[in-house]
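Q: Got a structure for you, written out below as structure tokens; questions coming shortly.
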2 protein chains.
Amino acid sequence: MKREGITFYMIFDSDPHDSEYVGDHFMFREYMSGFTGSNGILIVALGSAGLWTDGRYFIQAERELSGSGIDLYRMGERGVPKITEYLKVSLKDGDVLAFDGRLLPAKKGMEYKKIADEAGASLRPDVDAAAVVWTDRPPMPADPLIVIKDDVAGESVPSKLERVRKVMAEHKAGAYVLSHLDDIMWLLNIRGGDVACTPVALSYVYMTADDAHLFIRDSIVTDEAKKHFAAAGVNVHEYDEFMTFMKEEIKTAARDSGAIHADDASETNGGADKTGAHTVMLDTGSVSYAIYAMITGAGVKTADVINPTNEMEAVRNETQMKLTRDVYIRDSAVLTRFLFGVKEDMKNGEALDEYTLALKLDDMRSKITGFMELSFDTISAYGPNAAMMHYEATEESHAELKHEGMYLVDSGGQYMGGTTDVTRTIALGPVTDEMKRDFTLVCVGMLRLADAVFLEGCTGRNLDILARGELWKRGVDYKCGTGHGVGYMLGVHTGPQNIRYKFNSDMNEAVLKAGMTVSDEPGVYIEGGYGIRTENILEVIDMYDNSDGHFYGFKHLTKVPIDLDLIDASYMEPRDIERLNRYHEDVYDSLFPYMETDDERQKLMEACRKL
Amino acid sequence: MKREGITFYMIFDSDPHDSEYVGDHFMFREYMSGFTGSNGILIVALGSAGLWTDGRYFIQAERELSGSGIDLYRMGERGVPKITEYLKVSLKDGDVLAFDGRLLPAKKGMEYKKIADEAGASLRPDVDAAAVVWTDRPPMPADPLIVIKDDVAGESVPSKLERVRKVMAEHKAGAYVLSHLDDIMWLLNIRGGDVACTPVALSYVYMTADDAHLFIRDSIVTDEAKKHFAAAGVNVHEYDEFMTFMKEEIKTAARDSGAIHADDASETNGGADKTGAHTVMLDTGSVSYAIYAMITGAGVKTADVINPTNEMEAVRNETQMKLTRDVYIRDSAVLTRFLFGVKEDMKNGEALDEYTLALKLDDMRSKITGFMELSFDTISAYGPNAAMMHYEATEESHAELKHEGMYLVDSGGQYMGGTTDVTRTIALGPVTDEMKRDFTLVCVGMLRLADAVFLEGCTGRNLDILARGELWKRGVDYKCGTGHGVGYMLGVHTGPQNIRYKFNSDMNEAVLKAGMTVSDEPGVYIEGGYGIRTENILEVIDMYDNSDGHFYGFKHLTKVPIDLDLIDASYMEPRDIERLNRYHEDVYDSLFPYMETDDERQKLMEACRKL
């Protein structure tokens with residue numbers, strides 16, 4: 001830093017694609033600080049360093065940072081400055097704020113630039129400290145690309161490119177830069193193995209009205225993939241050549257646009273701008289600051305548009321939905337069998353613990369046809385551990401299950417044909433009245449939301465109270481959203497749709513549409529006591545279309561029994577009981593063919609009995 | 001127009017205060033066009049004229065404009081240009097667009113100015129055609145001001161001024177211009193009689209950190225009011241002097257601010273701007289374009305802030321709520337007695353019609369202690385007429401009631417101590433199963449919304465589905481919001497709170513807070529068939545405050561029985577029935593003291609019987 005004249009250097013926890021999960025190759029913040037949490041930004045100053053993280057990680061960060069000389073900034077605590085506030089106070093005239101501009105979204109970078117400008121400091125957004133300091137950096141993974149055939153994707157690559165080009169035309173843009181990995185995988189009908197739990201490959205797409213260019217590591221592009229890209233008219237380039245290629249493109253665009261101005265002085269805006277040949281469409285909330293700064297720095301115009309691929313991916317076609325429904329039934333059958341086993345083992349007095357149970361479930365799931373990988377690390381939590389929403393049992397630290405209270409398991413898989421996510425909470429023995437009440441209210445909320453009918457134009461904000469209403473009536477709330485979108489062989493948390501009662505200004509509040517899938521997961525979390533969550537994934541379906549408008553509803557994709565040992569029907573209205581019975585009837589019919597022994601079939605019948 | 005070189009002249013349907021209802025004195029659009037609807041803008045061009053109105057008035061406008069040479073523009077119909085689109089297409093280089101800038105909100109004026117600018121046309125926002133053309137203009141009303149004592153207002157004028165000054169300080173504003181009449185009445189604890197159904201007086205307020213100025217017609221300021229203003233330190237000026245006064249103030253502000261710049265060249269922004277002495281706070285959605293243009297034209301800065309008085313008025317103090325609760329019980333008792341009478345008369349075969357019934361109810365209401373005027377024109381509608389949301393029976397045109405089907409009455413009053421608004425639908429004889437089903441679902445929705453508990457931060461958008469949910473499940477919707485705020489001896493439709501499932505971009509989506517009142521009025525409207533609406537006014541109350549947050553709920557202010565002859569309990573859950581029984585128990589206890597005869601008490605008991 002001293003050699004380069006840098007006074008503040010920021011280290012992020014991200015990759016160049018704004019991914020939710022990042023590979024080891026990008027964990028520079030962890031390497032530098034020793035802090036292993038998923039959320040944290042490190043700022044190194046000349047005489048000090050600070051790490052910002054949120055409430056989930058305060059205790060862990062304190063332990064991991066101990067002795068490092070790095071100050072911990074507890075985000076959200078009273079009196080603790082936000083990163084932007086810290087920068088505003090710390091940056092002085094003449095200071096140099098540096099970071100690797102490839103690792104943060106353009107919007108964030110603009111925010112930091114503004115702060116630097118106002119302080120009279122200068123910004124160096126092109127400093128890759130990892131390249132200098134991180135000598136034993138883990139390599140990128142090398143899993144080969146998977147090509148998704150049209151009978152699984154339900155739509156060809158040319159058709160998707162065409163749809164994107166329509167949006168480009170609407171925004172009068174001649175080019176489009178896409179860096180979000182889920183969106184690229186969807187657009188080009190491919191999947192990769194570069195990020196754990198999410199079948200994506202590091203890549204960029206640059207496309208115009210005529211061409212499409214994919215930047216991806218050549219080492220993972222199989223012959224099949226090559227043929228696939230050639231057939232779709234997609235030009236393939238090496239991942240690392242993206243910026244060089246872009247600089248050339250942008251230089252040409254800037255020059256052409258200038259040339260036209262010179263030729264035709266009467267047109268103040270240039271003919272090229274009218275057709276948009278020199279406007280680049282991009283999403284500043286997703287594309288990196290480095291890309292954005294390069295384009296705007298060359299004087300080329302941008303159109304800031306939320307990636308249209310985001311909603312296109314979210315609205316599934318019937319091919320996808322058919323496969324997804326089937327994947328959910330098979331996934332549900334395995335979880336059901338697993339939970340039957342846990343109950344049986346507990347009854348037989350066997351010793352069980354959170355960690356080995358997670359391993360067992362993961363192993364069972366891995367045998368399902370089409371399994372690719374887990375969609376996230378399995379949460380297997382007994383008793384008070386279940387009150388921690390993101391608990392993870394490890395070999396070193398986990399609890400034994402006892403013949404009382406509740407056990408929660410939240411898990412899912414990536415399959416050829418769909419991504420699953422499901423949570424069930426079951427009784428292991430005697431439970432308290434409070435546990436039954438809370439479990440019942442959660443179940444009622446989950447089923448009421450799933451039973452909603454709503455007019456076109458509604459978002460998750462309109463529906464959230466259906467899941468929370470009975471808890472709120474008792475002064476109880478859960479501190480998270482009710483539901484998130486679920487990808488199709490992609491990130492298990494996807495957008496734009498979700499179910500929440502409140503949206504932050506940086507959240508996209510998307511209108512719900514038929515073909516979207518969304519989780520429905522109310523819960524009750526009593527710190528130090530117990531945790532309850534019942535999570536089904538729902539499919540948005542068409543319901544009515546008449547003079548009053550177009551109405552949507554939901555259908556359950558998840559088909560796993562809800563533990564009747566935890567139900568206290570006195571907290572239910574007759575229609576809540578009907579809903580539960582109807583759900584269990586559906587579960588029974590769906591899972592029966594997958595139960596392998598008389599004992600399992602007997603257990604399924606018992607689990608789905610009518611209340 | 002020719003003399004003045006004007007090519008387009010716009011005539012609005014508004015007063016200088018963005019009022020929902022305007023007095024006859026301001027009905028220039030009606031005078032010019034002959035069109036009597038409440039919503040319509042007239043644009044006069046040199047060779048033609050056009051009137052824009054909405055779907056409620058298409059038939060009426062066609063009739064009233066016939067032969068006038070004015071073209072009807074049906075707003076919302078396919079292919080019909082909006083006013084802004086018409087102007088964009090029609091305005092040519094050199095044209096002059098004129099209007100009376102006192103009669104439209106600043107925001108709208110800025111929109112038209114932008115269109116004129118882009119077309120190369122010029123804007124003349126100071127042309128008062130009414131002064132030239134309208135020779136027999138009706139005078140302004142002369143009802144004297146009413147002073148609201150602190151034991152009715154619950155807060156003194158100085159205390160309110162202080163609260164407003166805090167907001168001014170937050171926005172670094174040295175002055176504040178307020179022109180919205182409801183807000184001025186609230187702020188200064190006065191009421192007037194200048195607008196039908198709304199006890200407001202035409203007025204402006206201009207205030208600084210030290211002074212407060214009221215502009216109002218001297219002829220309506222009583223001695224009591226003079227003393228009241230003197231005691232509160234409010235300077236009173238003649239209404240017509242507002243603009244002259246403002247011009248002087250603004251000139252001084254501009255000069256002072258300039259002088260400081262000249263004195264102290266090192267401070268680029270001027271000392272005065274830092275304290276905000278020369279920034280004027282105003283709400284461009286409410287204050288007129290004439291005021292805004294005058295201030296900004298003089299080079300004085302403005303801070304565009306939604307009138308803080310709007311929310312202050314909406315959140316009632318306990319004094320107001322106590323009086324309001326009492327007013328609602330007395331108003332409810334009279335409506336209940338009226339409805340008992342209608343049922344009895346029908347049974348006795350008496351001839352009834354919509355118009356005389358409305359007169360009768362208005363007369364009964366006028367005898368309630370503290371009655372000032374109706375809060376809106378009573379809607380008295382039989383059969384298919386009730387399907388028209390804004391139906392008004394007149395002496396010339398009204399329906400006779402028959403011994404079958406349903407009768408709907410929507411009415412309310414302005415009282416010393418509160419404003420009421422209530423709708424009931426009753427059976428007059430045999431009704432169909434569909435009517436009972438729809439009535440029951442509306443009742444269920446109304447009661448479920450009223451029974452909601454919700455976390456701090458929720459708006460009407462979070463709750464709307466509770467009222468609509470059961471209708472939506474059957475593919476039925478009503479084409480209006482579920483609820484609006486209700487004033488306190490002020491406009492019966494007030495903001496900022498309301499209950500809707502969708503908000504337009506120009507709507508304020510306000511967080512619900514304890515002390516707000518809001519209507520809860522789901523309905524079913526079958527064109528040519530029947531109309532059902534059940535409307536209670538609710539009070540937002542505090543419910544719980546714990547580690548999960550602060551929870552709110554509602555309490556019914558309206559206490560009028562819901563006609564059990566129209567209830568089909570098979571459409572209700574047990575808790576819906578409980579809710580209805582609980583409500584009727586409350587109605588019985590509240591109204592019993594107001595029932596005057598054994599017969600009435602007997603009828604009340606019968607109407608509130610337990611299901």
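Chain labels A, B, ... are given in the sequence in which chains occur in the structure tokens; within each chain residues are numbered consecutively from 1, and ligands are likewise numbered from 1 in the order shown.
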Give me the residues within 10 Å of B:Tyr594 as a list of chain:residue names, counting only C-alpha atoms and dropping any in the same chain fewer than 5 places off.

A: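 The residues that qualify are B:Ile329, B:Arg330, B:Ser332, B:Ala333, B:Val334, B:Arg337, B:Asp589, B:Glu600, B:Arg601.
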
Q: For those residues, write all heavy atoms to a file as a PDB file, in the first residue's frame.

A:
```pdb
ATOM      1  N   ILE B 329     -71.023   6.355  18.197  1.00  0.00           N
ATOM      2  CA  ILE B 329     -72.127   5.617  18.818  1.00  0.00           C
ATOM      3  C   ILE B 329     -73.451   6.349  18.564  1.00  0.00           C
ATOM      4  O   ILE B 329     -74.440   5.741  18.162  1.00  0.00           O
ATOM      5  CB  ILE B 329     -71.864   5.427  20.331  1.00  0.00           C
ATOM      6  CG1 ILE B 329     -70.705   4.441  20.513  1.00  0.00           C
ATOM      7  CG2 ILE B 329     -73.118   4.920  21.032  1.00  0.00           C
ATOM      8  CD1 ILE B 329     -70.287   4.241  21.947  1.00  0.00           C
ATOM      9  N   ARG B 330     -73.423   7.676  18.700  1.00  0.00           N
ATOM     10  CA  ARG B 330     -74.670   8.421  18.501  1.00  0.00           C
ATOM     11  C   ARG B 330     -75.101   8.386  17.028  1.00  0.00           C
ATOM     12  O   ARG B 330     -76.277   8.227  16.718  1.00  0.00           O
ATOM     13  CB  ARG B 330     -74.509   9.855  19.023  1.00  0.00           C
ATOM     14  CG  ARG B 330     -74.555   9.860  20.565  1.00  0.00           C
ATOM     15  CD  ARG B 330     -74.391  11.246  21.155  1.00  0.00           C
ATOM     16  NE  ARG B 330     -73.014  11.715  21.032  1.00  0.00           N
ATOM     17  CZ  ARG B 330     -72.653  12.900  20.555  1.00  0.00           C
ATOM     18  NH1 ARG B 330     -73.573  13.743  20.121  1.00  0.00           N
ATOM     19  NH2 ARG B 330     -71.386  13.256  20.503  1.00  0.00           N
ATOM     20  N   SER B 332     -74.319   5.995  14.936  1.00  0.00           N
ATOM     21  CA  SER B 332     -74.723   4.613  14.666  1.00  0.00           C
ATOM     22  C   SER B 332     -76.158   4.371  15.149  1.00  0.00           C
ATOM     23  O   SER B 332     -76.940   3.677  14.497  1.00  0.00           O
ATOM     24  CB  SER B 332     -73.785   3.630  15.381  1.00  0.00           C
ATOM     25  OG  SER B 332     -72.483   3.698  14.848  1.00  0.00           O
ATOM     26  N   ALA B 333     -76.495   4.952  16.310  1.00  0.00           N
ATOM     27  CA  ALA B 333     -77.835   4.745  16.871  1.00  0.00           C
ATOM     28  C   ALA B 333     -78.896   5.282  15.916  1.00  0.00           C
ATOM     29  O   ALA B 333     -79.936   4.652  15.696  1.00  0.00           O
ATOM     30  CB  ALA B 333     -77.948   5.428  18.239  1.00  0.00           C
ATOM     31  N   VAL B 334     -78.613   6.433  15.322  1.00  0.00           N
ATOM     32  CA  VAL B 334     -79.589   7.034  14.417  1.00  0.00           C
ATOM     33  C   VAL B 334     -79.727   6.214  13.138  1.00  0.00           C
ATOM     34  O   VAL B 334     -80.831   5.957  12.666  1.00  0.00           O
ATOM     35  CB  VAL B 334     -79.208   8.500  14.113  1.00  0.00           C
ATOM     36  CG1 VAL B 334     -79.967   9.010  12.890  1.00  0.00           C
ATOM     37  CG2 VAL B 334     -79.512   9.364  15.326  1.00  0.00           C
ATOM     38  N   ARG B 337     -81.738   3.114  13.941  1.00  0.00           N
ATOM     39  CA  ARG B 337     -83.169   3.416  14.079  1.00  0.00           C
ATOM     40  C   ARG B 337     -83.788   3.625  12.686  1.00  0.00           C
ATOM     41  O   ARG B 337     -84.875   3.136  12.403  1.00  0.00           O
ATOM     42  CB  ARG B 337     -83.334   4.678  14.925  1.00  0.00           C
ATOM     43  CG  ARG B 337     -84.804   5.020  15.180  1.00  0.00           C
ATOM     44  CD  ARG B 337     -84.944   6.192  16.158  1.00  0.00           C
ATOM     45  NE  ARG B 337     -84.350   5.884  17.434  1.00  0.00           N
ATOM     46  CZ  ARG B 337     -83.388   6.615  18.020  1.00  0.00           C
ATOM     47  NH1 ARG B 337     -82.932   7.706  17.430  1.00  0.00           N
ATOM     48  NH2 ARG B 337     -82.895   6.268  19.186  1.00  0.00           N
ATOM     49  N   ASP B 589     -74.524  -3.465  23.360  1.00  0.00           N
ATOM     50  CA  ASP B 589     -74.161  -2.732  24.586  1.00  0.00           C
ATOM     51  C   ASP B 589     -74.028  -1.237  24.309  1.00  0.00           C
ATOM     52  O   ASP B 589     -74.400  -0.405  25.138  1.00  0.00           O
ATOM     53  CB  ASP B 589     -72.835  -3.248  25.152  1.00  0.00           C
ATOM     54  CG  ASP B 589     -72.972  -4.671  25.670  1.00  0.00           C
ATOM     55  OD1 ASP B 589     -74.124  -5.118  25.873  1.00  0.00           O
ATOM     56  OD2 ASP B 589     -71.936  -5.339  25.858  1.00  0.00           O
ATOM     57  N   GLU B 600     -88.009  -0.531  19.904  1.00  0.00           N
ATOM     58  CA  GLU B 600     -86.642  -0.375  19.397  1.00  0.00           C
ATOM     59  C   GLU B 600     -85.671  -1.298  20.135  1.00  0.00           C
ATOM     60  O   GLU B 600     -84.794  -1.914  19.523  1.00  0.00           O
ATOM     61  CB  GLU B 600     -86.180   1.077  19.551  1.00  0.00           C
ATOM     62  CG  GLU B 600     -86.624   1.958  18.388  1.00  0.00           C
ATOM     63  CD  GLU B 600     -86.133   3.407  18.535  1.00  0.00           C
ATOM     64  OE1 GLU B 600     -85.295   3.656  19.437  1.00  0.00           O
ATOM     65  OE2 GLU B 600     -86.596   4.241  17.759  1.00  0.00           O
ATOM     66  N   ARG B 601     -85.832  -1.362  21.449  1.00  0.00           N
ATOM     67  CA  ARG B 601     -84.936  -2.229  22.224  1.00  0.00           C
ATOM     68  C   ARG B 601     -85.125  -3.690  21.821  1.00  0.00           C
ATOM     69  O   ARG B 601     -84.174  -4.445  21.703  1.00  0.00           O
ATOM     70  CB  ARG B 601     -85.202  -2.029  23.723  1.00  0.00           C
ATOM     71  CG  ARG B 601     -84.570  -0.753  24.266  1.00  0.00           C
ATOM     72  CD  ARG B 601     -84.743  -0.588  25.768  1.00  0.00           C
ATOM     73  NE  ARG B 601     -86.074  -0.139  26.132  1.00  0.00           N
ATOM     74  CZ  ARG B 601     -86.438   1.144  26.268  1.00  0.00           C
ATOM     75  NH1 ARG B 601     -85.541   2.104  26.085  1.00  0.00           N
ATOM     76  NH2 ARG B 601     -87.666   1.466  26.591  1.00  0.00           N
TER      77      ARG B 601
END
```

Q: When the cut-off is 8 Å and we count only C-alpha atoms, which residues of chain B are near chain A, given as a PDB file with C-alpha atoms, in the first residue's frame?

A:
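Result file follows (result.pdb):
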```pdb
ATOM      1  CA  ALA B 452     -56.018  -8.137  12.086  1.00  0.00           C
ATOM      2  CA  VAL B 453     -52.931  -7.732  14.224  1.00  0.00           C
ATOM      3  CA  PHE B 454     -49.879  -6.401  12.432  1.00  0.00           C
ATOM      4  CA  LEU B 455     -46.323  -5.304  13.021  1.00  0.00           C
ATOM      5  CA  GLY B 457     -44.202  -0.797   9.383  1.00  0.00           C
ATOM      6  CA  CYS B 458     -47.243  -2.415   7.768  1.00  0.00           C
ATOM      7  CA  ARG B 461     -51.163  -3.099   1.203  1.00  0.00           C
ATOM      8  CA  ASN B 462     -50.206  -5.769   3.747  1.00  0.00           C
ATOM      9  CA  LEU B 463     -53.763  -6.083   5.051  1.00  0.00           C
ATOM     10  CA  ASP B 464     -56.030  -5.677   2.036  1.00  0.00           C
ATOM     11  CA  ILE B 465     -56.174  -9.404   1.261  1.00  0.00           C
ATOM     12  CA  GLY B 469     -59.464 -12.979   0.252  1.00  0.00           C
ATOM     13  CA  TRP B 472     -60.830 -13.609  -4.634  1.00  0.00           C
ATOM     14  CA  LYS B 473     -61.117 -17.334  -3.892  1.00  0.00           C
ATOM     15  CA  GLY B 475     -62.816 -15.071  -8.719  1.00  0.00           C
ATOM     16  CA  VAL B 476     -64.654 -11.923  -7.573  1.00  0.00           C
ATOM     17  CA  ASP B 477     -63.175  -8.476  -6.942  1.00  0.00           C
ATOM     18  CA  TYR B 478     -64.420  -4.966  -6.237  1.00  0.00           C
ATOM     19  CA  LYS B 479     -62.861  -2.243  -8.338  1.00  0.00           C
ATOM     20  CA  TYR B 501     -53.757  -3.991  -2.605  1.00  0.00           C
ATOM     21  CA  LYS B 502     -52.081  -1.862  -5.268  1.00  0.00           C
ATOM     22  CA  TYR B 544     -48.319  -5.711  21.963  1.00  0.00           C
ATOM     23  CA  ASP B 545     -44.844  -4.435  22.461  1.00  0.00           C
ATOM     24  CA  ASN B 546     -42.245  -7.133  23.001  1.00  0.00           C
ATOM     25  CA  ASP B 548     -40.580  -9.359  18.406  1.00  0.00           C
ATOM     26  CA  GLY B 549     -41.648  -5.763  17.840  1.00  0.00           C
ATOM     27  CA  PHE B 551     -47.902  -4.745  17.142  1.00  0.00           C
ATOM     28  CA  GLU B 573     -65.667 -20.332   9.632  1.00  0.00           C
ATOM     29  CA  PRO B 574     -66.469 -20.698  13.338  1.00  0.00           C
ATOM     30  CA  ARG B 575     -64.180 -17.786  14.098  1.00  0.00           C
TER      31      ARG B 575
END
```

Q: As an exercise, work out the distance from atom CA of B:Val22 to atom CA of B:Thr7 in Å and give it to one decimal place.

A: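 Rounded to one decimal, the two atoms are 27.6 Å apart.
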
Q: Give me, please, the distance in Å between atom CA of B:Gln497 and atom CA of B:Glu456, quoted to one decimal.

A: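 Those two atoms sit 13.7 Å apart.
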
Q: Would you kindly return, as JSON, numbers by chain, each protein, DNA or RNA residue with an atom no farther than 7 Å from any atom of stretch 142-159 of chain B, considering only C-alpha atoms and excluding same-chain residues fewer than 4 positions away?

A: {"B": [163, 187, 188, 189, 190, 191, 192, 193, 194, 220, 221, 222, 225, 232, 317, 319, 320, 417]}

Q: For the residues in the current selection, export all heavy atoms as a short mmCIF file (atom, residue, chain, number, x, y, z; two decimals), in the first residue's frame.

A:
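Output file result06.cif is given in full below:
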```cif
data_model
loop_
_atom_site.label_atom_id
_atom_site.label_comp_id
_atom_site.auth_asym_id
_atom_site.auth_seq_id
_atom_site.Cartn_x
_atom_site.Cartn_y
_atom_site.Cartn_z
N ARG B 163 -44.48 21.64 16.42
CA ARG B 163 -44.20 20.36 15.75
C ARG B 163 -43.86 20.58 14.27
O ARG B 163 -42.97 19.93 13.73
CB ARG B 163 -45.40 19.42 15.88
CG ARG B 163 -45.51 18.80 17.27
CD ARG B 163 -46.20 17.46 17.19
NE ARG B 163 -47.64 17.55 17.18
CZ ARG B 163 -48.44 16.62 16.65
NH1 ARG B 163 -47.92 15.56 16.05
NH2 ARG B 163 -49.75 16.74 16.71
N LEU B 187 -54.28 22.68 11.81
CA LEU B 187 -53.14 23.38 12.41
C LEU B 187 -53.59 24.53 13.32
O LEU B 187 -53.01 24.75 14.39
CB LEU B 187 -52.24 23.93 11.29
CG LEU B 187 -50.98 24.70 11.70
CD1 LEU B 187 -50.02 23.78 12.44
CD2 LEU B 187 -50.30 25.29 10.46
N LEU B 188 -54.63 25.24 12.89
CA LEU B 188 -55.04 26.44 13.63
C LEU B 188 -56.30 26.24 14.46
O LEU B 188 -56.86 27.21 15.00
CB LEU B 188 -55.21 27.61 12.65
CG LEU B 188 -53.92 27.97 11.87
CD1 LEU B 188 -54.17 29.17 10.97
CD2 LEU B 188 -52.76 28.26 12.83
N ASN B 189 -56.74 25.00 14.58
CA ASN B 189 -57.92 24.69 15.40
C ASN B 189 -59.12 25.55 15.03
O ASN B 189 -59.76 26.18 15.91
CB ASN B 189 -57.59 24.82 16.89
CG ASN B 189 -56.71 23.69 17.38
OD1 ASN B 189 -56.54 22.69 16.68
ND2 ASN B 189 -56.15 23.83 18.57
N ILE B 190 -59.40 25.59 13.74
CA ILE B 190 -60.59 26.28 13.26
C ILE B 190 -61.32 25.41 12.24
O ILE B 190 -60.74 24.44 11.72
CB ILE B 190 -60.25 27.64 12.57
CG1 ILE B 190 -59.09 27.44 11.57
CG2 ILE B 190 -59.92 28.70 13.61
CD1 ILE B 190 -58.78 28.67 10.72
N ARG B 191 -62.58 25.76 11.98
CA ARG B 191 -63.32 25.12 10.90
C ARG B 191 -64.12 26.20 10.19
O ARG B 191 -64.40 27.25 10.78
CB ARG B 191 -64.29 24.05 11.44
CG ARG B 191 -63.61 22.87 12.14
CD ARG B 191 -62.73 22.04 11.21
NE ARG B 191 -62.17 20.86 11.87
CZ ARG B 191 -61.02 20.82 12.54
NH1 ARG B 191 -60.26 21.91 12.64
NH2 ARG B 191 -60.60 19.70 13.10
N GLY B 192 -64.48 25.94 8.92
CA GLY B 192 -65.23 26.93 8.16
C GLY B 192 -66.40 26.30 7.41
O GLY B 192 -66.72 25.13 7.63
N GLY B 193 -66.98 27.08 6.51
CA GLY B 193 -68.14 26.58 5.77
C GLY B 193 -68.05 26.93 4.30
O GLY B 193 -69.06 27.16 3.65
N ASP B 194 -66.85 26.97 3.77
CA ASP B 194 -66.68 27.41 2.38
C ASP B 194 -66.87 26.30 1.36
O ASP B 194 -67.04 26.57 0.17
CB ASP B 194 -65.28 28.02 2.19
CG ASP B 194 -65.18 29.38 2.88
OD1 ASP B 194 -66.21 29.83 3.41
OD2 ASP B 194 -64.08 29.96 2.89
N ILE B 220 -65.36 36.46 7.46
CA ILE B 220 -65.79 35.27 8.20
C ILE B 220 -65.05 35.12 9.53
O ILE B 220 -65.29 34.18 10.28
CB ILE B 220 -65.63 33.98 7.35
CG1 ILE B 220 -64.15 33.69 7.02
CG2 ILE B 220 -66.46 34.05 6.06
CD1 ILE B 220 -63.94 32.28 6.46
N VAL B 221 -64.13 36.04 9.82
CA VAL B 221 -63.36 35.94 11.07
C VAL B 221 -64.14 36.62 12.19
O VAL B 221 -64.26 37.84 12.24
CB VAL B 221 -61.96 36.57 10.93
CG1 VAL B 221 -61.18 36.41 12.22
CG2 VAL B 221 -61.22 35.92 9.77
N THR B 222 -64.68 35.82 13.07
CA THR B 222 -65.49 36.34 14.18
C THR B 222 -64.59 36.96 15.25
O THR B 222 -63.37 36.79 15.24
CB THR B 222 -66.29 35.20 14.84
OG1 THR B 222 -65.33 34.26 15.34
CG2 THR B 222 -67.18 34.52 13.82
N ALA B 225 -62.80 34.28 16.96
CA ALA B 225 -61.67 33.78 16.17
C ALA B 225 -60.50 34.75 16.27
O ALA B 225 -59.34 34.32 16.38
CB ALA B 225 -62.09 33.59 14.71
N ALA B 232 -52.87 32.72 20.10
CA ALA B 232 -51.93 31.73 19.55
C ALA B 232 -50.76 32.39 18.82
O ALA B 232 -49.87 31.71 18.32
CB ALA B 232 -52.68 30.79 18.60
N ASN B 317 -55.10 12.31 18.84
CA ASN B 317 -54.76 12.18 20.26
C ASN B 317 -55.95 11.60 21.01
O ASN B 317 -57.04 11.44 20.45
CB ASN B 317 -54.30 13.53 20.83
CG ASN B 317 -55.34 14.62 20.62
OD1 ASN B 317 -56.51 14.42 20.92
ND2 ASN B 317 -54.91 15.76 20.08
N THR B 319 -57.87 12.74 23.35
CA THR B 319 -59.04 13.63 23.46
C THR B 319 -59.92 13.48 22.21
O THR B 319 -61.14 13.31 22.30
CB THR B 319 -58.57 15.11 23.54
OG1 THR B 319 -57.73 15.24 24.67
CG2 THR B 319 -59.75 16.05 23.64
N GLN B 320 -59.29 13.54 21.06
CA GLN B 320 -60.04 13.40 19.81
C GLN B 320 -60.70 12.02 19.72
O GLN B 320 -61.86 11.90 19.33
CB GLN B 320 -59.11 13.58 18.61
CG GLN B 320 -58.58 15.00 18.43
CD GLN B 320 -57.55 15.05 17.31
OE1 GLN B 320 -56.53 14.36 17.36
NE2 GLN B 320 -57.81 15.86 16.30
N GLY B 417 -66.60 16.99 17.19
CA GLY B 417 -66.07 15.80 17.84
C GLY B 417 -65.84 14.63 16.89
O GLY B 417 -65.42 13.55 17.32
#
```

Q: So that I can see what lies close to stretch 387-404 of chain A, please list as a PyMOL selection string the residues with an atom at most 9 Å from it, counting only C-alpha atoms and leaving out residues fewer than 2 positions away in the same chain.

A: chain A and resi 56+346-347+349+351-356+358+377-385+406-407+427-431+524-532

Q: Which distance in Å separates atom CA of A:Ala175 and atom CA of A:Thr208, to one decimal?

A: 4.3 Å

Q: What are the DSSP strand (DSSP E or B) residues of stretch 323-421 of chain B, as a list in words?

A: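 DSSP-assigned strand (DSSP E or B) residues in stretch 323-421 of chain B: Asp353, Phe371, Met372, Glu373, Leu374, Ile379, Ser380, Ala381, Tyr382, Glu400, Met406, Tyr407, Leu408, Val409, Asp410, Ser411, Gly413, Gln414, Tyr415, Gly418 and Thr419 of chain B.
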
Q: Taking 3 positions as the minimum chain separation for residues in the same chain, which residues sit within 8 Å of B:Asp218 when counting only C-alpha atoms? Answer as a list in words.

A: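 My list of contacting residues is Val221, His237, Glu238 and Tyr239 of chain B.
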
Q: Neighbouring residues of stretch 72-86 of chain A were defined as those with any atom within 9 Å, considering only C-alpha atoms; residues of the same chain fewer than 5 positions away were excluded. Please report them as an MDAnalysis selection string.

A: chainID A and resid 41 43 49:55 57:58 61:62 65 91 111:112 115
